[in-house]
Every structure is written in C-alpha cells, then in structure tokens.
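One file, protein13.txt, is given below (compact mmCIF, C-alpha atoms).
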```
# COMPACT_ATOMS: atom_id res chain seq x y z
CA MET A 1 -2.00 5.23 -18.21
CA ALA A 2 1.47 4.70 -16.73
CA LEU A 3 0.69 1.06 -15.98
CA ARG A 4 -0.43 0.48 -19.56
CA MET A 5 2.89 1.78 -20.82
CA TRP A 6 5.02 0.06 -18.16
CA PRO A 7 3.09 -2.60 -16.19
CA PHE A 8 6.02 -3.10 -13.81
CA ALA A 9 5.93 0.45 -12.43
CA ALA A 10 5.64 -0.09 -8.69
CA GLY A 11 5.07 3.60 -7.97
CA ALA A 12 2.12 3.81 -10.33
CA ALA A 13 0.71 0.53 -9.04
CA SER A 14 0.92 1.67 -5.42
CA ARG A 15 -0.89 4.93 -6.28
CA LEU A 16 -3.57 2.90 -8.07
CA ALA A 17 -3.95 0.71 -4.98
CA GLU A 18 -4.22 3.80 -2.80
CA ALA A 19 -6.90 5.28 -5.06
CA ARG A 20 -8.79 1.98 -5.14
CA LEU A 21 -8.75 1.77 -1.34
CA VAL A 22 -10.18 5.28 -1.06
CA SER A 23 -12.77 5.05 -3.82
CA GLU A 24 -14.08 1.50 -3.35
CA THR A 25 -14.88 0.93 0.29
CA GLY A 26 -16.41 -2.55 -0.07
CA SER A 27 -14.58 -5.79 0.60
CA GLN A 28 -13.78 -6.26 -3.10
CA GLY A 29 -12.15 -2.82 -3.25
CA VAL A 30 -10.07 -3.62 -0.17
CA GLN A 31 -8.98 -6.95 -1.66
CA ASP A 32 -8.09 -5.33 -4.98
CA ALA A 33 -6.10 -2.60 -3.24
CA ARG A 34 -4.27 -5.19 -1.12
CA ASP A 35 -3.40 -7.33 -4.13
CA ILE A 36 -2.13 -4.42 -6.22
CA ALA A 37 -0.14 -2.95 -3.33
CA THR A 38 1.35 -6.33 -2.41
CA GLN A 39 2.60 -6.81 -5.95
CA ALA A 40 4.06 -3.29 -5.93
CA LEU A 41 5.76 -3.92 -2.58
CA MET A 42 7.25 -7.16 -3.87
CA ARG A 43 8.65 -5.32 -6.90
CA GLU A 44 9.93 -2.39 -4.86
CA PRO A 45 10.35 -3.22 -1.15
CA ILE A 46 11.13 0.40 -0.28
CA ASN A 47 7.82 1.73 -1.61
CA VAL A 48 6.24 3.48 1.36
CA VAL A 49 2.85 3.92 -0.31
CA ALA A 50 2.58 0.20 -1.05
CA ALA A 51 3.62 -0.72 2.50
CA ARG A 52 1.05 1.70 3.91
CA VAL A 53 -1.78 0.42 1.72
CA VAL A 54 -1.01 -3.23 2.56
CA GLY A 55 -0.92 -2.28 6.24
CA LEU A 56 -4.22 -0.42 6.08
CA THR A 57 -5.94 -3.25 4.21
CA ALA A 58 -4.68 -5.74 6.81
CA GLY A 59 -6.27 -3.59 9.50
CA LEU A 60 -9.53 -3.35 7.58
CA GLU A 61 -9.55 -7.14 7.26
CA GLY A 62 -9.11 -7.53 11.03
CA ASN A 63 -5.43 -8.49 11.15
CA GLU A 64 -4.24 -5.89 13.65
CA LYS A 65 -0.81 -7.44 14.25
CA GLN A 66 0.11 -7.48 10.55
CA SER A 67 -1.34 -4.01 10.10
CA ARG A 68 0.77 -2.55 12.91
CA ARG A 69 3.91 -4.28 11.64
CA LEU A 70 3.45 -2.99 8.08
CA LEU A 71 2.61 0.53 9.20
CA ASN A 72 5.73 0.54 11.38
CA TYR A 73 7.70 -0.62 8.34
CA ALA A 74 6.18 2.16 6.23
CA GLU A 75 7.12 4.70 8.91
CA MET A 76 10.65 3.35 8.96
CA LEU A 77 10.84 3.89 5.19
CA SER A 78 9.68 7.50 5.40
CA ARG A 79 8.78 9.70 8.32
CA ARG A 80 7.59 12.34 5.85
CA ASP A 81 4.68 10.31 4.51
CA ILE A 82 1.75 12.12 6.13
CA PRO A 83 -0.88 9.35 5.69
CA THR A 84 1.46 6.86 7.36
CA GLN A 85 2.00 9.26 10.26
CA ILE A 86 -1.75 9.72 10.62
CA ALA A 87 -2.31 5.96 10.60
CA GLN A 88 0.23 5.53 13.38
```
Would you mind giving the structure from this file in structure tokens?
Amino acid sequence: MALRMWPFAAGAASRLAEARLVSETGSQGVQDARDIATQALMREPINVVAARVVGLTAGLEGNEKQSRRLLNYAEMLSRRDIPTQIAQ
C-alpha cells in the first residue's frame, strides 16, 4: 500500500524485496527481490535491508564475492540488523 501511495519509498520497497525473497524461493522470486532491492539501494544507499537483500540474492545466484561485499556493507551500515548478523 505504501508503494502505491509513494512509489519512491525505498524503505517500503526494501521490505517488499525482503518479503518476496522469503515467500518466493524460485529463481524468478530471487530475481524480483534483487531488482526491487537494487532500486531501493540506489534511491537510498544507507538502506541496510536493501543492501542485505541484494547481498543474499547475489549469494543465491552463485556470486559469493559480491554477496560477501554487500553483506559487509550492510553490517557496516547497522550492526543491530539481526538478519545481517546471522548472514555474516
């Protein structure tokens, strides 16, 4: 609903990407989550959820180096983000 009212809301987009990654485990769900989270991260480079989701999708797609780099970036943004700490 938030994205319908304000399509530029990076926080809402990153939460949508996170939900998509969890609920749709196929390759299309991973791609959709990556695309949504990438757009959110480009709009708001300090969005830890978006950085984490892009990092996790990179890992699921087999790009370990990019995944590690993005998860380290997400941890740098917030050490209180539990899912990022678990992914580390």
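With only C-alpha atoms taken into account, the protein and nucleic acid residues at most 12 Å from Gln31 in chain A (excluding it and anything under 6 positions from it in its own chain) are Ala17, Glu18, Arg20, Leu21, Glu24, Thr25, Ala37, Thr38, Val53, Val54, Leu56, Thr57, Ala58, Gly59, Leu60 and Glu61 of chain A.
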I need the chosen residues saved as an mmCIF file, keeping the file's coordinate frame, with C-alpha atoms.
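Output saved as part_0.cif:
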```cif
data_model
loop_
_atom_site.group_PDB
_atom_site.id
_atom_site.type_symbol
_atom_site.label_atom_id
_atom_site.label_comp_id
_atom_site.auth_asym_id
_atom_site.auth_seq_id
_atom_site.Cartn_x
_atom_site.Cartn_y
_atom_site.Cartn_z
ATOM 1 C CA ALA A 17 -3.950 0.710 -4.980
ATOM 2 C CA GLU A 18 -4.220 3.800 -2.800
ATOM 3 C CA ARG A 20 -8.790 1.980 -5.140
ATOM 4 C CA LEU A 21 -8.750 1.770 -1.340
ATOM 5 C CA GLU A 24 -14.080 1.500 -3.350
ATOM 6 C CA THR A 25 -14.880 0.930 0.290
ATOM 7 C CA ALA A 37 -0.140 -2.950 -3.330
ATOM 8 C CA THR A 38 1.350 -6.330 -2.410
ATOM 9 C CA VAL A 53 -1.780 0.420 1.720
ATOM 10 C CA VAL A 54 -1.010 -3.230 2.560
ATOM 11 C CA LEU A 56 -4.220 -0.420 6.080
ATOM 12 C CA THR A 57 -5.940 -3.250 4.210
ATOM 13 C CA ALA A 58 -4.680 -5.740 6.810
ATOM 14 C CA GLY A 59 -6.270 -3.590 9.500
ATOM 15 C CA LEU A 60 -9.530 -3.350 7.580
ATOM 16 C CA GLU A 61 -9.550 -7.140 7.260
#
```
query: If you measure from CA of Arg68 in chain A to CA of Arg34 in chain A, what distance in Å do you get, rounded to one decimal?
result: 15.1 Å
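The shortest atom-to-atom distance to Leu71 in chain A, with all atoms listed in the file taken into account, belongs to A:Thr84 out of A:Ser14, A:Asn47, A:Thr84, A:Gln28.
Counting from CA of Gly26 in chain A, the distance to CA of Met76 in chain A is 29.1 Å.
Taking CA of Leu77 in chain A and CA of Ala9 in chain A as the two end points, the separation is 18.6 Å.
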- request: Go through A:Glu44, A:Asp81, A:Gln88, A:Val49 one by one, measure the shortest atom-to-atom distance of each to Ser67 in chain A using only C-alpha atoms, and give the residue with the smallest value.
  value: A:Gln88
Test item: residues at most 12 Å from Glu75 in chain A, all atoms listed in the file, excluding those fewer than 5 positions along its chain, as a PDB file with C-alpha atoms, keeping the file's coordinate frame:
```pdb
ATOM      1  CA  ILE A  46      11.130   0.400  -0.280  1.00  0.00           C
ATOM      2  CA  ASN A  47       7.820   1.730  -1.610  1.00  0.00           C
ATOM      3  CA  VAL A  48       6.240   3.480   1.360  1.00  0.00           C
ATOM      4  CA  VAL A  49       2.850   3.920  -0.310  1.00  0.00           C
ATOM      5  CA  ALA A  50       2.580   0.200  -1.050  1.00  0.00           C
ATOM      6  CA  ALA A  51       3.620  -0.720   2.500  1.00  0.00           C
ATOM      7  CA  ARG A  52       1.050   1.700   3.910  1.00  0.00           C
ATOM      8  CA  GLY A  55      -0.920  -2.280   6.240  1.00  0.00           C
ATOM      9  CA  ARG A  68       0.770  -2.550  12.910  1.00  0.00           C
ATOM     10  CA  ARG A  69       3.910  -4.280  11.640  1.00  0.00           C
ATOM     11  CA  LEU A  70       3.450  -2.990   8.080  1.00  0.00           C
ATOM     12  CA  ARG A  80       7.590  12.340   5.850  1.00  0.00           C
ATOM     13  CA  ASP A  81       4.680  10.310   4.510  1.00  0.00           C
ATOM     14  CA  ILE A  82       1.750  12.120   6.130  1.00  0.00           C
ATOM     15  CA  PRO A  83      -0.880   9.350   5.690  1.00  0.00           C
ATOM     16  CA  THR A  84       1.460   6.860   7.360  1.00  0.00           C
ATOM     17  CA  GLN A  85       2.000   9.260  10.260  1.00  0.00           C
ATOM     18  CA  ILE A  86      -1.750   9.720  10.620  1.00  0.00           C
ATOM     19  CA  ALA A  87      -2.310   5.960  10.600  1.00  0.00           C
ATOM     20  CA  GLN A  88       0.230   5.530  13.380  1.00  0.00           C
TER      21      GLN A  88
END
```
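Among the candidates A:Gly11, A:Ser23, A:Leu41, A:Gly29, the one nearest to Tyr73 in chain A when counting all atoms listed in the file is A:Leu41.
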message: Taking all atoms listed in the file into account, name the residue in A:Ala10, A:Val22, A:Val30, A:Leu16 that is nearest to Met42 in chain A.
response: A:Ala10
